[in-house]
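my_file03.cif (mmCIF, C-alpha atoms)
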data_entry
#
loop_
_atom_site.label_atom_id
_atom_site.label_comp_id
_atom_site.auth_asym_id
_atom_site.auth_seq_id
_atom_site.Cartn_x
_atom_site.Cartn_y
_atom_site.Cartn_z
CA MET A 1185 0.00 0.00 0.00
CA ASP A 1186 1.13 3.56 -0.79
CA ARG A 1187 2.39 5.67 2.02
CA ILE A 1188 3.49 9.25 2.17
CA PRO A 1189 6.99 9.45 3.65
CA ILE A 1190 7.43 11.43 6.86
CA LEU A 1191 10.95 12.77 7.41
CA LYS A 1192 12.38 13.73 10.77
CA MET A 1193 14.46 16.89 10.85
CA GLY A 1194 15.61 17.60 14.38
CA ASP A 1195 12.60 18.69 16.35
CA PHE A 1196 10.41 18.84 13.27
CA LEU A 1197 8.64 16.41 11.01
CA LEU A 1198 8.67 17.12 7.29
CA VAL A 1199 5.96 15.77 4.99
CA THR A 1200 6.12 16.50 1.27
CA ILE A 1201 3.07 15.37 -0.60
CA GLN A 1202 4.10 14.69 -4.18
CA VAL A 1203 0.98 12.93 -5.43
CA ASP A 1204 -2.65 13.85 -5.50
CA LEU A 1205 -4.14 12.55 -2.29
CA TYR A 1206 -6.98 10.12 -2.25
CA ASP A 1207 -9.02 9.55 0.88
CA GLN A 1208 -7.37 6.35 2.11
CA LEU A 1209 -3.88 7.81 1.66
CA ALA A 1210 -4.86 10.93 3.59
CA GLU A 1211 -6.25 8.90 6.50
CA THR A 1212 -3.09 6.80 6.61
CA LEU A 1213 -1.00 9.97 6.63
CA GLU A 1214 -3.05 11.33 9.53
CA SER A 1215 -2.50 8.28 11.71
CA ASP A 1216 1.18 7.86 10.70
CA LEU A 1217 1.85 11.47 11.52
CA VAL A 1218 0.46 11.38 15.06
CA GLN A 1219 2.41 8.17 15.68
CA MET A 1220 5.60 9.90 14.55
CA VAL A 1221 4.90 12.97 16.69
CA LYS A 1222 4.57 10.65 19.66
CA LYS A 1223 7.65 8.59 18.75
CA TYR A 1224 10.09 11.48 18.25
CA ASN A 1225 8.41 13.94 20.60
CA SER A 1226 8.40 16.45 17.74
CA LYS A 1227 7.71 20.13 18.29
CA GLY A 1228 6.56 20.98 14.80
CA VAL A 1229 5.07 19.45 11.66
CA LEU A 1230 5.64 20.95 8.23
CA ILE A 1231 3.40 19.79 5.39
CA ASP A 1232 4.44 20.77 1.88
CA ILE A 1233 1.52 20.70 -0.55
CA SER A 1234 3.16 22.59 -3.43
CA ALA A 1235 2.67 19.64 -5.76
CA VAL A 1236 -0.97 19.11 -4.87
CA SER A 1237 -3.35 20.50 -7.44
CA ILE A 1238 -6.64 19.34 -5.93
CA ILE A 1239 -7.82 19.69 -2.36
CA ASP A 1240 -11.43 18.84 -1.64
CA SER A 1241 -13.47 19.33 1.51
CA PHE A 1242 -12.36 15.95 2.88
CA MET A 1243 -8.68 16.79 2.41
CA GLY A 1244 -9.29 20.16 3.98
CA ARG A 1245 -10.77 18.48 7.02
CA ILE A 1246 -7.89 16.01 7.25
CA LEU A 1247 -5.44 18.92 7.25
CA GLY A 1248 -7.48 20.58 9.98
CA ASN A 1249 -7.54 17.33 11.98
CA ILE A 1250 -3.77 16.87 11.70
CA SER A 1251 -3.24 20.41 12.92
CA MET A 1252 -5.61 19.94 15.84
CA MET A 1253 -4.18 16.54 16.84
CA SER A 1254 -0.59 17.83 16.73
CA LYS A 1255 -1.63 20.84 18.73
CA ILE A 1256 -2.92 18.78 21.64
CA MET A 1257 0.29 16.75 21.45
CA ASP A 1258 2.23 20.04 21.74
CA ALA A 1259 3.39 20.29 18.12
CA GLU A 1260 2.69 23.20 15.77
CA THR A 1261 1.57 22.49 12.21
CA VAL A 1262 2.47 24.65 9.21
CA VAL A 1263 1.12 24.01 5.71
CA VAL A 1264 3.38 25.44 3.01
CA GLY A 1265 3.38 26.05 -0.72
CA MET A 1266 -0.31 26.10 -1.44
CA GLN A 1267 -0.98 26.93 -5.07
CA PRO A 1268 -3.08 30.02 -5.79
CA ALA A 1269 -5.77 27.97 -7.56
CA VAL A 1270 -6.03 25.64 -4.57
CA ALA A 1271 -6.32 28.56 -2.16
CA ILE A 1272 -9.11 30.12 -4.21
CA THR A 1273 -10.95 26.81 -4.45
CA LEU A 1274 -10.75 26.23 -0.69
CA VAL A 1275 -12.08 29.71 0.04
CA GLU A 1276 -14.87 29.28 -2.49
CA LEU A 1277 -15.75 25.96 -0.85
CA GLY A 1278 -16.08 27.83 2.43
CA LEU A 1279 -13.05 26.14 4.00
CA PRO A 1280 -10.65 28.87 5.06
CA LEU A 1281 -8.77 26.30 7.26
CA LYS A 1282 -8.89 28.58 10.26
CA GLY A 1283 -6.80 26.58 12.72
CA ILE A 1284 -3.87 26.03 10.37
CA HIS A 1285 -0.77 28.17 9.95
CA CYS A 1286 0.34 28.68 6.37
CA ALA A 1287 3.58 29.79 4.76
CA LEU A 1288 4.66 30.53 1.24
CA ASN A 1289 7.46 27.98 0.96
CA VAL A 1290 9.39 25.44 3.02
CA GLU A 1291 12.00 28.02 4.04
CA ARG A 1292 9.41 30.42 5.39
CA GLY A 1293 7.56 27.55 6.99
CA MET A 1294 10.67 26.48 8.88
CA GLU A 1295 11.22 30.05 10.06
CA LEU A 1296 7.63 30.24 11.25
CA LEU A 1297 7.90 26.93 13.13
CA ARG A 1298 11.16 27.99 14.80
CA SER A 1299 9.73 31.34 15.88
CA LYS A 1300 6.64 29.61 17.28
CA ILE A 1301 8.72 27.15 19.28
CA THR A 1302 11.04 29.81 20.70
CA GLN A 1303 7.93 31.76 21.67
CA ASP A 1304 6.59 28.73 23.51
CA ILE A 1305 9.89 28.21 25.30
CA GLN A 1306 10.00 31.86 26.37
CA GLU A 1307 6.46 31.67 27.65
CA ASP A 1308 7.34 28.52 29.60
CA GLU A 1309 10.32 30.26 31.15
CA GLU A 1310 8.16 33.22 32.12
CA ASP A 1311 5.66 30.86 33.70
CA ASP A 1312 8.50 29.19 35.61
CA SER A 1313 9.81 32.51 36.90
CA TYR A 1314 6.34 33.39 38.19
CA SER A 1315 6.07 30.17 40.11
CA GLU A 1316 9.41 30.64 41.81
CA MET B 1332 -26.05 38.05 -75.05
CA LYS B 1333 -23.08 40.11 -74.03
CA ASN B 1334 -23.79 42.12 -70.94
CA GLU B 1335 -23.64 45.85 -71.56
CA ALA B 1336 -22.79 46.95 -68.06
CA VAL B 1337 -19.88 44.54 -67.71
CA LYS B 1338 -18.49 45.77 -70.97
CA VAL B 1339 -18.79 49.41 -69.91
CA ILE B 1340 -17.25 48.81 -66.51
CA LYS B 1341 -14.28 46.98 -67.96
CA ALA B 1342 -13.76 49.59 -70.66
CA LYS B 1343 -14.24 52.67 -68.54
CA LYS B 1344 -12.32 51.57 -65.47
CA LYS B 1345 -10.11 54.63 -65.34
CA TYR B 1346 -13.00 57.01 -65.85
CA ILE B 1347 -15.00 55.32 -63.09
CA LEU B 1348 -12.09 55.61 -60.70
CA GLU B 1349 -11.82 59.32 -61.42
CA GLN B 1350 -15.55 59.75 -60.91
CA TRP B 1351 -15.47 57.77 -57.70
CA PHE B 1352 -12.64 59.78 -56.31
CA GLN B 1353 -14.37 62.98 -57.31
CA ASN B 1354 -17.48 61.79 -55.44
CA GLN B 1355 -15.45 60.99 -52.37
CA LEU B 1356 -13.97 64.48 -52.36
CA GLU B 1357 -17.42 66.04 -52.56
CA ASN B 1358 -18.81 63.73 -49.92
CA ASP B 1359 -16.47 64.73 -47.11
CA GLY B 1360 -15.66 61.04 -47.22
CA LEU B 1361 -12.01 61.97 -47.14
CA ARG B 1362 -10.63 62.39 -43.68
CA GLU B 1363 -7.14 63.60 -44.17
CA ASP B 1364 -6.55 63.41 -40.45
CA LEU B 1365 -7.17 59.67 -40.57
CA ILE B 1366 -5.94 58.59 -44.01
CA THR B 1367 -3.94 60.38 -46.68
CA ASN B 1368 -5.43 61.05 -50.10
CA GLU B 1369 -2.71 58.99 -51.67
CA ASP B 1370 -3.47 55.95 -49.50
CA GLN B 1371 -7.16 56.20 -50.13
CA ARG B 1372 -6.51 56.43 -53.87
CA ILE B 1373 -4.41 53.28 -53.78
CA GLN B 1374 -7.09 51.50 -51.76
CA SER B 1375 -9.85 52.56 -54.11
CA GLU B 1376 -7.85 51.57 -57.17
CA GLU B 1377 -7.12 48.15 -55.74
CA LEU B 1378 -10.77 47.58 -54.96
CA LEU B 1379 -11.94 48.69 -58.38
CA ASN B 1380 -9.26 46.62 -60.12
CA SER B 1381 -10.31 43.47 -58.35
CA LEU B 1382 -13.97 44.27 -59.05
CA THR B 1383 -13.40 44.71 -62.78
CA ALA B 1384 -11.21 41.63 -62.83
CA SER B 1385 -13.77 39.38 -61.16
CA ILE B 1386 -16.94 40.71 -62.73
CA SER B 1387 -18.16 38.79 -65.77
CA ASP B 1388 -21.32 37.98 -67.70
CA ASN B 1389 -21.85 34.80 -65.73
CA ASN B 1390 -21.61 36.12 -62.19
CA PHE B 1391 -23.06 39.57 -62.65
CA ASP B 1392 -26.45 38.65 -61.21
CA ASN B 1393 -25.12 36.30 -58.61
CA PHE B 1394 -23.28 38.19 -55.90
CA GLN B 1395 -22.75 35.00 -53.92
CA SER B 1396 -20.52 33.74 -56.68
CA ARG B 1397 -17.07 32.67 -55.57
CA ASP B 1398 -15.55 35.05 -58.12
CA PHE B 1399 -16.25 37.94 -55.77
CA GLU B 1400 -14.36 36.45 -52.85
CA LYS B 1401 -11.32 38.56 -53.63
CA VAL B 1402 -13.41 41.75 -53.77
CA GLU B 1403 -15.10 40.89 -50.49
CA GLU B 1404 -11.75 40.24 -48.90
CA ILE B 1405 -10.43 43.65 -49.92
CA LEU B 1406 -13.66 45.31 -48.76
CA SER B 1407 -13.45 43.61 -45.37
CA GLY B 1408 -9.85 44.69 -45.04
CA ILE B 1409 -10.79 48.29 -45.75
CA ALA B 1410 -13.76 48.19 -43.38
CA ILE B 1411 -11.73 46.75 -40.48
CA ALA B 1412 -8.92 49.23 -41.06
CA ARG B 1413 -11.45 52.06 -41.03
CA ALA B 1414 -13.11 50.79 -37.86
CA ARG B 1415 -9.73 50.73 -36.09
CA ARG B 1416 -8.77 54.17 -37.33
CA GLY B 1417 -11.97 55.63 -35.96
CA PHE B 1418 -13.96 56.40 -39.11
CA SER B 1419 -17.65 56.96 -38.50
CA PRO B 1420 -20.16 54.52 -40.02
CA ARG B 1421 -21.45 57.33 -42.23
CA GLU B 1422 -18.00 57.92 -43.72
CA THR B 1423 -17.47 54.23 -44.33
CA GLY B 1424 -20.92 53.92 -45.90
CA ALA B 1425 -20.36 56.96 -48.10
CA TYR B 1426 -17.14 55.40 -49.35
CA VAL B 1427 -18.90 52.37 -50.85
CA PHE B 1428 -22.00 54.26 -51.96
CA SER B 1429 -19.95 56.80 -53.84
CA LEU B 1430 -18.61 53.95 -55.96
CA LYS B 1431 -22.19 53.06 -56.82
CA THR B 1432 -22.92 56.64 -57.86
CA ALA B 1433 -19.84 56.67 -60.05
CA LEU B 1434 -20.78 53.38 -61.71
CA LEU B 1435 -24.37 54.45 -62.34
CA LYS B 1436 -23.27 57.79 -63.74
CA THR B 1437 -20.87 56.12 -66.14
CA LEU B 1438 -23.55 53.67 -67.22
CA SER B 1439 -26.03 56.45 -67.94
CA GLU B 1440 -23.48 58.20 -70.08
CA GLU B 1441 -22.60 55.11 -72.05
CA ILE B 1442 -25.92 53.36 -72.55
CA SER B 1443 -28.50 55.20 -74.56
CA ASP B 1444 -31.40 52.74 -74.56
CA PRO B 1445 -33.45 53.58 -71.42
CA LYS B 1446 -34.73 50.04 -70.98
CA VAL B 1447 -31.28 48.49 -71.03
CA LEU B 1448 -30.00 51.27 -68.81
CA TYR B 1449 -32.72 50.55 -66.26
CA THR B 1450 -32.07 46.81 -66.05
CA GLU B 1451 -28.31 47.26 -65.91
CA SER B 1452 -28.64 49.93 -63.21
CA MET B 1453 -30.78 47.64 -61.13
CA ARG B 1454 -28.20 44.90 -61.37
CA ILE B 1455 -25.38 47.23 -60.42
CA ASN B 1456 -27.54 48.41 -57.54
CA SER B 1457 -28.12 44.99 -56.06
CA LEU B 1458 -24.47 44.01 -56.48
CA LEU B 1459 -23.19 47.17 -54.79
CA ASP B 1460 -25.81 46.96 -52.05
CA ASN B 1461 -24.49 43.55 -51.22
CA PHE B 1462 -20.99 44.96 -51.02
CA SER B 1463 -22.21 47.68 -48.65
CA ILE B 1464 -23.76 45.09 -46.39
CA ILE B 1465 -20.49 43.18 -46.26
CA THR B 1466 -18.65 46.41 -45.51
CA PHE B 1467 -20.97 47.21 -42.64
CA GLU B 1468 -20.85 43.75 -41.19
CA THR B 1469 -17.08 43.81 -41.05
CA PHE B 1470 -17.01 47.44 -39.92
CA ILE B 1471 -19.20 46.64 -36.93
CA LYS B 1472 -17.22 43.51 -36.22
CA GLY B 1473 -14.04 45.58 -36.27
CA ARG B 1474 -15.54 48.02 -33.80
CA GLU B 1475 -16.69 45.20 -31.55
CA ASP B 1476 -13.19 43.77 -31.52
CA VAL B 1477 -11.88 47.17 -30.45
CA ILE B 1478 -14.46 47.35 -27.63
CA LEU B 1479 -13.67 43.81 -26.50
CA ARG B 1480 -9.97 44.53 -26.38
CA GLN B 1481 -10.57 47.68 -24.37
CA THR B 1482 -12.79 45.82 -21.91
CA ASP B 1483 -10.05 43.27 -21.40
CA GLU B 1484 -7.50 46.01 -20.89
CA ILE B 1485 -9.68 47.78 -18.34
CA THR B 1486 -10.17 44.60 -16.31
CA GLU B 1487 -6.45 43.99 -16.49
CA ILE B 1488 -5.31 47.45 -15.45
CA SER B 1489 -8.07 48.08 -12.92
CA THR B 1490 -6.48 45.63 -10.51
CA PRO B 1491 -2.81 46.48 -10.38
CA VAL B 1492 -0.68 44.69 -7.82
CA ILE B 1493 2.08 47.03 -6.69
CA LYS B 1494 5.21 45.98 -4.92
CA VAL B 1495 5.76 48.78 -2.42
CA TRP B 1496 8.64 47.18 -0.59
CA ASP B 1497 10.54 43.92 -0.48
CA GLY B 1498 7.92 41.51 0.78
CA ILE B 1499 5.06 44.00 0.81
CA LEU B 1500 2.43 44.16 -1.92
CA ALA B 1501 -0.26 46.81 -2.22
CA LEU B 1502 -3.45 46.41 -4.17
CA PRO B 1503 -5.59 49.51 -4.57
CA ILE B 1504 -9.13 48.59 -5.51
CA ILE B 1505 -11.02 51.25 -7.43
CA GLY B 1506 -14.67 50.82 -8.30
CA THR B 1507 -17.27 48.35 -7.19
CA LEU B 1508 -16.21 44.85 -6.25
CA ASP B 1509 -18.34 42.16 -7.83
CA SER B 1510 -17.79 38.42 -7.99
CA SER B 1511 -15.99 38.36 -11.32
CA ARG B 1512 -13.76 41.24 -10.31
CA THR B 1513 -12.97 39.66 -6.94
CA GLN B 1514 -11.92 36.57 -8.84
CA VAL B 1515 -9.50 38.58 -10.98
CA VAL B 1516 -8.20 40.51 -7.97
CA MET B 1517 -7.66 37.30 -6.00
CA GLU B 1518 -5.91 35.51 -8.85
CA ASN B 1519 -3.61 38.46 -9.58
CA LEU B 1520 -2.77 38.94 -5.92
CA LEU B 1521 -2.04 35.28 -5.19
CA GLN B 1522 0.03 34.94 -8.38
CA GLU B 1523 2.05 37.99 -7.43
CA ILE B 1524 2.57 36.69 -3.89
CA VAL B 1525 4.08 33.52 -5.31
CA GLU B 1526 6.23 35.40 -7.81
CA THR B 1527 7.63 37.99 -5.41
CA GLY B 1528 7.64 35.80 -2.31
CA SER B 1529 5.89 38.56 -0.40
CA SER B 1530 4.63 37.98 3.11
CA ILE B 1531 2.28 40.96 3.47
CA ALA B 1532 -0.48 42.20 1.20
CA ILE B 1533 -2.25 45.50 1.73
CA LEU B 1534 -5.73 45.76 0.24
CA ASP B 1535 -6.63 49.42 -0.12
CA ILE B 1536 -10.36 49.98 -0.48
CA SER B 1537 -10.44 53.79 -0.38
CA GLY B 1538 -11.58 53.71 -4.00
CA VAL B 1539 -14.52 51.40 -3.33
CA PRO B 1540 -17.64 53.59 -3.34
CA ALA B 1541 -19.86 51.41 -1.16
CA ILE B 1542 -19.70 48.25 0.83
CA ASP B 1543 -22.54 45.82 1.25
CA THR B 1544 -22.62 42.32 2.69
CA LEU B 1545 -21.64 40.82 -0.66
CA VAL B 1546 -18.61 43.06 -1.11
CA ALA B 1547 -17.56 42.36 2.47
CA GLN B 1548 -17.92 38.65 1.76
CA HIS B 1549 -15.62 39.04 -1.24
CA LEU B 1550 -13.08 40.92 0.86
CA ILE B 1551 -13.12 38.25 3.55
CA LYS B 1552 -12.62 35.58 0.88
CA THR B 1553 -9.62 37.40 -0.52
CA VAL B 1554 -8.11 37.76 2.92
CA SER B 1555 -8.66 34.05 3.68
CA ALA B 1556 -7.08 33.02 0.39
CA THR B 1557 -4.06 35.21 1.07
CA ARG B 1558 -3.72 33.64 4.48
CA LEU B 1559 -3.79 30.18 2.94
CA MET B 1560 -0.87 31.23 0.77
CA GLY B 1561 1.05 32.04 3.91
CA ALA B 1562 0.84 35.81 3.69
CA GLU B 1563 -0.79 38.34 5.98
CA CYS B 1564 -3.45 40.63 4.59
CA ILE B 1565 -4.17 44.12 5.85
CA ILE B 1566 -7.21 46.06 4.67
CA SER B 1567 -6.68 49.78 4.55
CA GLY B 1568 -8.62 52.83 3.47
CA ILE B 1569 -11.70 52.28 5.62
CA ARG B 1570 -13.59 55.57 5.33
CA PRO B 1571 -15.94 56.66 8.12
CA GLU B 1572 -19.03 55.98 6.00
CA ILE B 1573 -17.77 52.49 5.25
CA ALA B 1574 -17.08 51.83 8.93
CA GLN B 1575 -20.64 52.92 9.71
CA THR B 1576 -22.15 50.73 7.02
CA VAL B 1577 -20.10 47.72 8.08
CA VAL B 1578 -21.21 47.98 11.68
CA HIS B 1579 -24.84 48.71 10.80
CA LEU B 1580 -24.94 45.68 8.53
CA GLY B 1581 -23.46 43.57 11.30
CA ILE B 1582 -20.48 42.40 9.24
CA ASP B 1583 -17.77 40.90 11.43
CA LEU B 1584 -14.37 42.17 10.32
CA SER B 1585 -12.75 41.55 13.69
CA GLU B 1586 -10.62 38.70 12.38
CA ILE B 1587 -9.12 40.94 9.73
CA VAL B 1588 -6.53 43.61 10.38
CA THR B 1589 -7.97 46.91 9.23
CA LYS B 1590 -6.38 50.34 9.06
CA ALA B 1591 -7.77 53.76 8.19
CA THR B 1592 -5.08 54.78 5.73
CA LEU B 1593 -2.57 53.13 3.46
CA ALA B 1594 0.18 54.91 5.37
CA SER B 1595 -0.73 53.31 8.67
CA ALA B 1596 -1.08 49.94 6.99
CA LEU B 1597 2.40 50.34 5.51
CA LYS B 1598 3.73 51.35 8.89
CA MET B 1599 2.25 48.25 10.44
CA ALA B 1600 3.65 46.12 7.61
CA PHE B 1601 7.11 47.54 8.26
CA GLY B 1602 6.69 46.62 11.90
CA MET B 1603 5.69 43.08 10.98
CA ILE B 1604 8.80 42.47 8.90
CA GLU B 1605 10.89 44.27 11.50
CA LEU B 1606 11.84 47.31 9.50
CA GLU B 1607 12.14 50.82 10.82
CA VAL B 1608 11.71 54.12 9.01
CA ARG B 1609 13.82 56.92 10.44
CA LYS B 1610 14.67 60.45 9.58
CA LYS B 1611 18.17 60.72 8.22
CA ALA B 1612 20.51 62.08 10.85
CA THR B 1613 22.03 65.24 9.38
CA PRO B 1614 25.05 66.80 11.07
CA LYS B 1615 24.19 70.18 12.52
CA VAL B 1616 25.74 73.12 10.71
CA LEU B 1617 27.45 75.40 13.16
#

Can you give me the file's structure in the form of structure tokens?
Amino acid sequence: MDRIPILKMGDFLLVTIQVDLYDQLAETLESDLVQMVKKYNSKGVLIDISAVSIIDSFMGRILGNISMMSKIMDAETVVVGMQPAVAITLVELGLPLKGIHCALNVERGMELLRSKITQDIQEDEEDDSYSE
Amino acid sequence: MKNEAVKVIKAKKKYILEQWFQNQLENDGLREDLITNEDQRIQSEELLNSLTASISDNNFDNFQSRDFEKVEEILSGIAIARARRGFSPRETGAYVFSLKTALLKTLSEEISDPKVLYTESMRINSLLDNFSIITFETFIKGREDVILRQTDEITEISTPVIKVWDGILALPIIGTLDSSRTQVVMENLLQEIVETGSSIAILDISGVPAIDTLVAQHLIKTVSATRLMGAECIISGIRPEIAQTVVHLGIDLSEIVTKATLASALKMAFGMIELEVRKKATPKVL
């Protein structure tokens, strides 16, 4: 069975989707991804969809689910490289993917993830200093 | 039976051309600001030449004959050229009709028998009328092409995407936003974001005359699409009347960053990409 590879890069997980997703593949990706977050204790997930030309409402929901699941496992999700046509279609479908962070390309996405994680760490430190 | 009119036309070609040109001069059909006399003469001569060459006893009554294809082609060419140069329909019409006058005049001089003259004139009439119709059809088509091209240009230039700084795009919207226009705006903006790698887009709506729920919906869509591309979108140019309408209509713009002026939006954008605008420190002159 086809699987979408999930790469580990330090604290982050990198997923590049190179094929058009069908439902089964997307569900497998969802469960694989949460397993990997658990296994490596990742702090961020970066999903590159620059090669995806079709995203339907189901795929939109899967992306939302992944983001939500990672969030409660303390990992940020960033979706990068969405094509203009895909963005327009999603908005027209009424799926503005509210809970998901987006970035223009992988580079920007990485920057965004790093800044989010340093923010979290700072906040944690501030919390610690209060408790002392 | 040899056709009289055809014979006359072929024999008196030069005379007809002179007559025709004379008619055009009298008719104000000549617009020297749009076409030179010399050019018009060449055009007329070419048309008449091809007419005399293709006209014959067999096709004289049948203007749908394939022999006239060449003439029709030249006529269409002239009509389209005139439409593009801005000739009025009256001037274009007068051009073809003055040929008819010249032909009829020549016929009346050459043919003495009134009965023959009448039948030949009628035939010339119907042939030339057909040519006028072709001229008008192509003239109008030429004008329509011009209008279509202009419409396309207006849609294209009415939604310019301006790069105001590295990573900052501005998009002034002027005129009413409808669905088709929103589509164009959105496509242009998203394309430009990808091309320039910008992270902030400023949507300036100071040129939008009124906002209703539909327009607001379109704006929200554009902002959401920009966000999906990984860029932030700021809406600027909210005039007091627009602010009032938005609140009265109960439109929720709280999730969108809005600013009153383009300047304040730009300032905020600078802040977001950690840039600072400062006055240049000039050394004091003692």

Please, which residues in range 1255-1297 of chain A fall within 10 Å of range 1188-1204 of chain A when counting only C-alpha atoms, and what is the closest atom pair and distance in Å to one decimal for each, ordered by chain then residue number, as CSV?
residue,atom,partner,partner_atom,distance
A:Ala1259,CA,A:Phe1196,CA,8.7
A:Glu1260,CA,A:Phe1196,CA,9.2
A:Thr1261,CA,A:Leu1197,CA,9.4
A:Val1262,CA,A:Leu1198,CA,9.9
A:Val1263,CA,A:Val1199,CA,9.6
A:Val1264,CA,A:Thr1200,CA,9.5
A:Val1290,CA,A:Leu1198,CA,9.4
A:Met1294,CA,A:Phe1196,CA,8.8
A:Leu1297,CA,A:Phe1196,CA,8.5

Given all atoms listed in the file, how would the per-residue table for chain B near chain A read, listing every residue at most 9 Å away with its closest atom pair and distance in Å to one decimal, sorted by chain and number, as JSON lines?
{"residue": "B:Gln1514", "atom": "CA", "partner": "A:Ile1272", "partner_atom": "CA", "distance": 8.4}
{"residue": "B:Met1517", "atom": "CA", "partner": "A:Ile1272", "partner_atom": "CA", "distance": 7.5}
{"residue": "B:Glu1518", "atom": "CA", "partner": "A:Pro1268", "partner_atom": "CA", "distance": 6.9}
{"residue": "B:Leu1520", "atom": "CA", "partner": "A:Pro1268", "partner_atom": "CA", "distance": 8.9}
{"residue": "B:Leu1521", "atom": "CA", "partner": "A:Pro1268", "partner_atom": "CA", "distance": 5.4}
{"residue": "B:Gln1522", "atom": "CA", "partner": "A:Pro1268", "partner_atom": "CA", "distance": 6.4}
{"residue": "B:Ile1524", "atom": "CA", "partner": "A:Leu1288", "partner_atom": "CA", "distance": 8.3}
{"residue": "B:Val1525", "atom": "CA", "partner": "A:Leu1288", "partner_atom": "CA", "distance": 7.2}
{"residue": "B:Gly1528", "atom": "CA", "partner": "A:Leu1288", "partner_atom": "CA", "distance": 7.0}
{"residue": "B:Ser1529", "atom": "CA", "partner": "A:Leu1288", "partner_atom": "CA", "distance": 8.3}
{"residue": "B:Ser1530", "atom": "CA", "partner": "A:Leu1288", "partner_atom": "CA", "distance": 7.7}
{"residue": "B:Lys1552", "atom": "CA", "partner": "A:Val1275", "partner_atom": "CA", "distance": 6.0}
{"residue": "B:Thr1553", "atom": "CA", "partner": "A:Val1275", "partner_atom": "CA", "distance": 8.1}
{"residue": "B:Ser1555", "atom": "CA", "partner": "A:Pro1280", "partner_atom": "CA", "distance": 5.7}
{"residue": "B:Ala1556", "atom": "CA", "partner": "A:Ala1271", "partner_atom": "CA", "distance": 5.2}
{"residue": "B:Thr1557", "atom": "CA", "partner": "A:Ala1271", "partner_atom": "CA", "distance": 7.7}
{"residue": "B:Arg1558", "atom": "CA", "partner": "A:Cys1286", "partner_atom": "CA", "distance": 6.7}
{"residue": "B:Leu1559", "atom": "CA", "partner": "A:Cys1286", "partner_atom": "CA", "distance": 5.6}
{"residue": "B:Met1560", "atom": "CA", "partner": "A:Leu1288", "partner_atom": "CA", "distance": 5.6}
{"residue": "B:Gly1561", "atom": "CA", "partner": "A:Ala1287", "partner_atom": "CA", "distance": 3.5}
{"residue": "B:Ala1562", "atom": "CA", "partner": "A:Ala1287", "partner_atom": "CA", "distance": 6.7}

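CA of Glu1335 in chain B to CA of Ala1384 in chain B spans 15.8 Å [interatomic distance, one decimal].
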
Next on the checklist: I'd like to know which of B:Ser1537, B:Val1546, B:Ile1340, B:Thr1466 is closest to Arg1421 in chain B, using all atoms listed in the file.
Outcome noted: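 Nearest candidate to Arg1421 in chain B out of B:Ser1537, B:Val1546, B:Ile1340, B:Thr1466: B:Thr1466.
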
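A straight line drawn from CA of Leu1379 in chain B to CA of Leu1348 in chain B is 7.3 Å long.
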
Item to check | Surrounding residues of Lys1598 in chain B excluding itself and chain neighbours under 6 positions, 10 Å, all atoms listed in the file, as a list of chain:residue names | outcome: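 The neighbour list is B:Thr1592, B:Leu1606, B:Glu1607, B:Val1608.
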
Next on the checklist: Please list as a VMD selection string every residue within 8 Å of Ala1501 in chain B, counting only C-alpha atoms and excluding residues in the same chain fewer than 2 positions away.
Outcome noted: chain B and resid 1492 to 1495 1499 1503 1532 to 1535

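Going from CA of Asp1497 in chain B to CA of Ile1566 in chain B covers 18.6 Å.
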
Item to check | Expected selection from the PyMOL selection byres ((chain B and resi 1545) around 12), given as a list of chain:residue names | outcome: B:Thr1507, B:Leu1508, B:Asp1509, B:Ser1510, B:Thr1513, B:Ala1541, B:Ile1542, B:Asp1543, B:Thr1544, B:Val1546, B:Ala1547, B:Gln1548, B:His1549, B:Leu1550, B:Ile1551, B:Lys1552, B:Val1577, B:Leu1580, B:Ile1582

Item to check | Selection near Lys1590 in chain B, 10 Å with only C-alpha atoms, sequence-local residues under 2 positions removed, as a list of chain:residue names | outcome: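 Counting only C-alpha atoms, the residues come to B:Ile1533, B:Leu1534, B:Asp1535, B:Ile1565, B:Ile1566, B:Ser1567, B:Gly1568, B:Ile1569, B:Arg1570, B:Ile1587, B:Val1588, B:Thr1592, B:Leu1593, B:Ala1594, B:Ser1595, B:Ala1596, B:Leu1597, B:Met1599.
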
Item to check | Output of the PyMOL selection byres ((chain A and resi 1247) around 12), listed as a count of residues only | outcome: 40

Next on the checklist: To test your reading of the syntax: which residues would the PyMOL selection byres ((chain B and resi 1428) around 12) return for the file shown? Reply as a PyMOL selection string.
Outcome noted: chain B and resi 1351-1352+1354-1355+1358+1360+1421-1427+1429-1435+1455-1464+1466-1467

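Among the candidate residues B:Gln1353, B:Thr1450, B:Ser1407, B:Thr1486, the one lying nearest to Glu1468 in chain B is B:Ser1407, with distances computed using all atoms listed in the file.
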
Six-sided padding of 6 Å per side, axis-aligned box over range 1424-1436 of chain B, centre and edges in Å, one decimal, as lines of an AutoDock Vina configuration file:
center_x = -20.8
center_y = 55.1
center_z = -54.8
size_x = 19.2
size_y = 17.4
size_z = 29.8

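Checking B:Ile1347, B:Val1337, B:Ile1505, B:Ile1366 one by one against Ser1452 in chain B, counting only C-alpha atoms, you find the shortest gap at B:Val1337.
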
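The set of protein, DNA and RNA residues with any counted atom at most 9 Å from (-12.2, 48.7, -40.7) (all atoms listed in the file) reads Leu1406, Ser1407, Gly1408, Ile1409, Ala1410, Ile1411, Ala1412, Arg1413, Ala1414, Arg1415, Arg1416, Gly1417, Phe1418, Thr1423, Thr1466, Thr1469, Phe1470, Ile1471, Lys1472, Gly1473 and Arg1474 of chain B.
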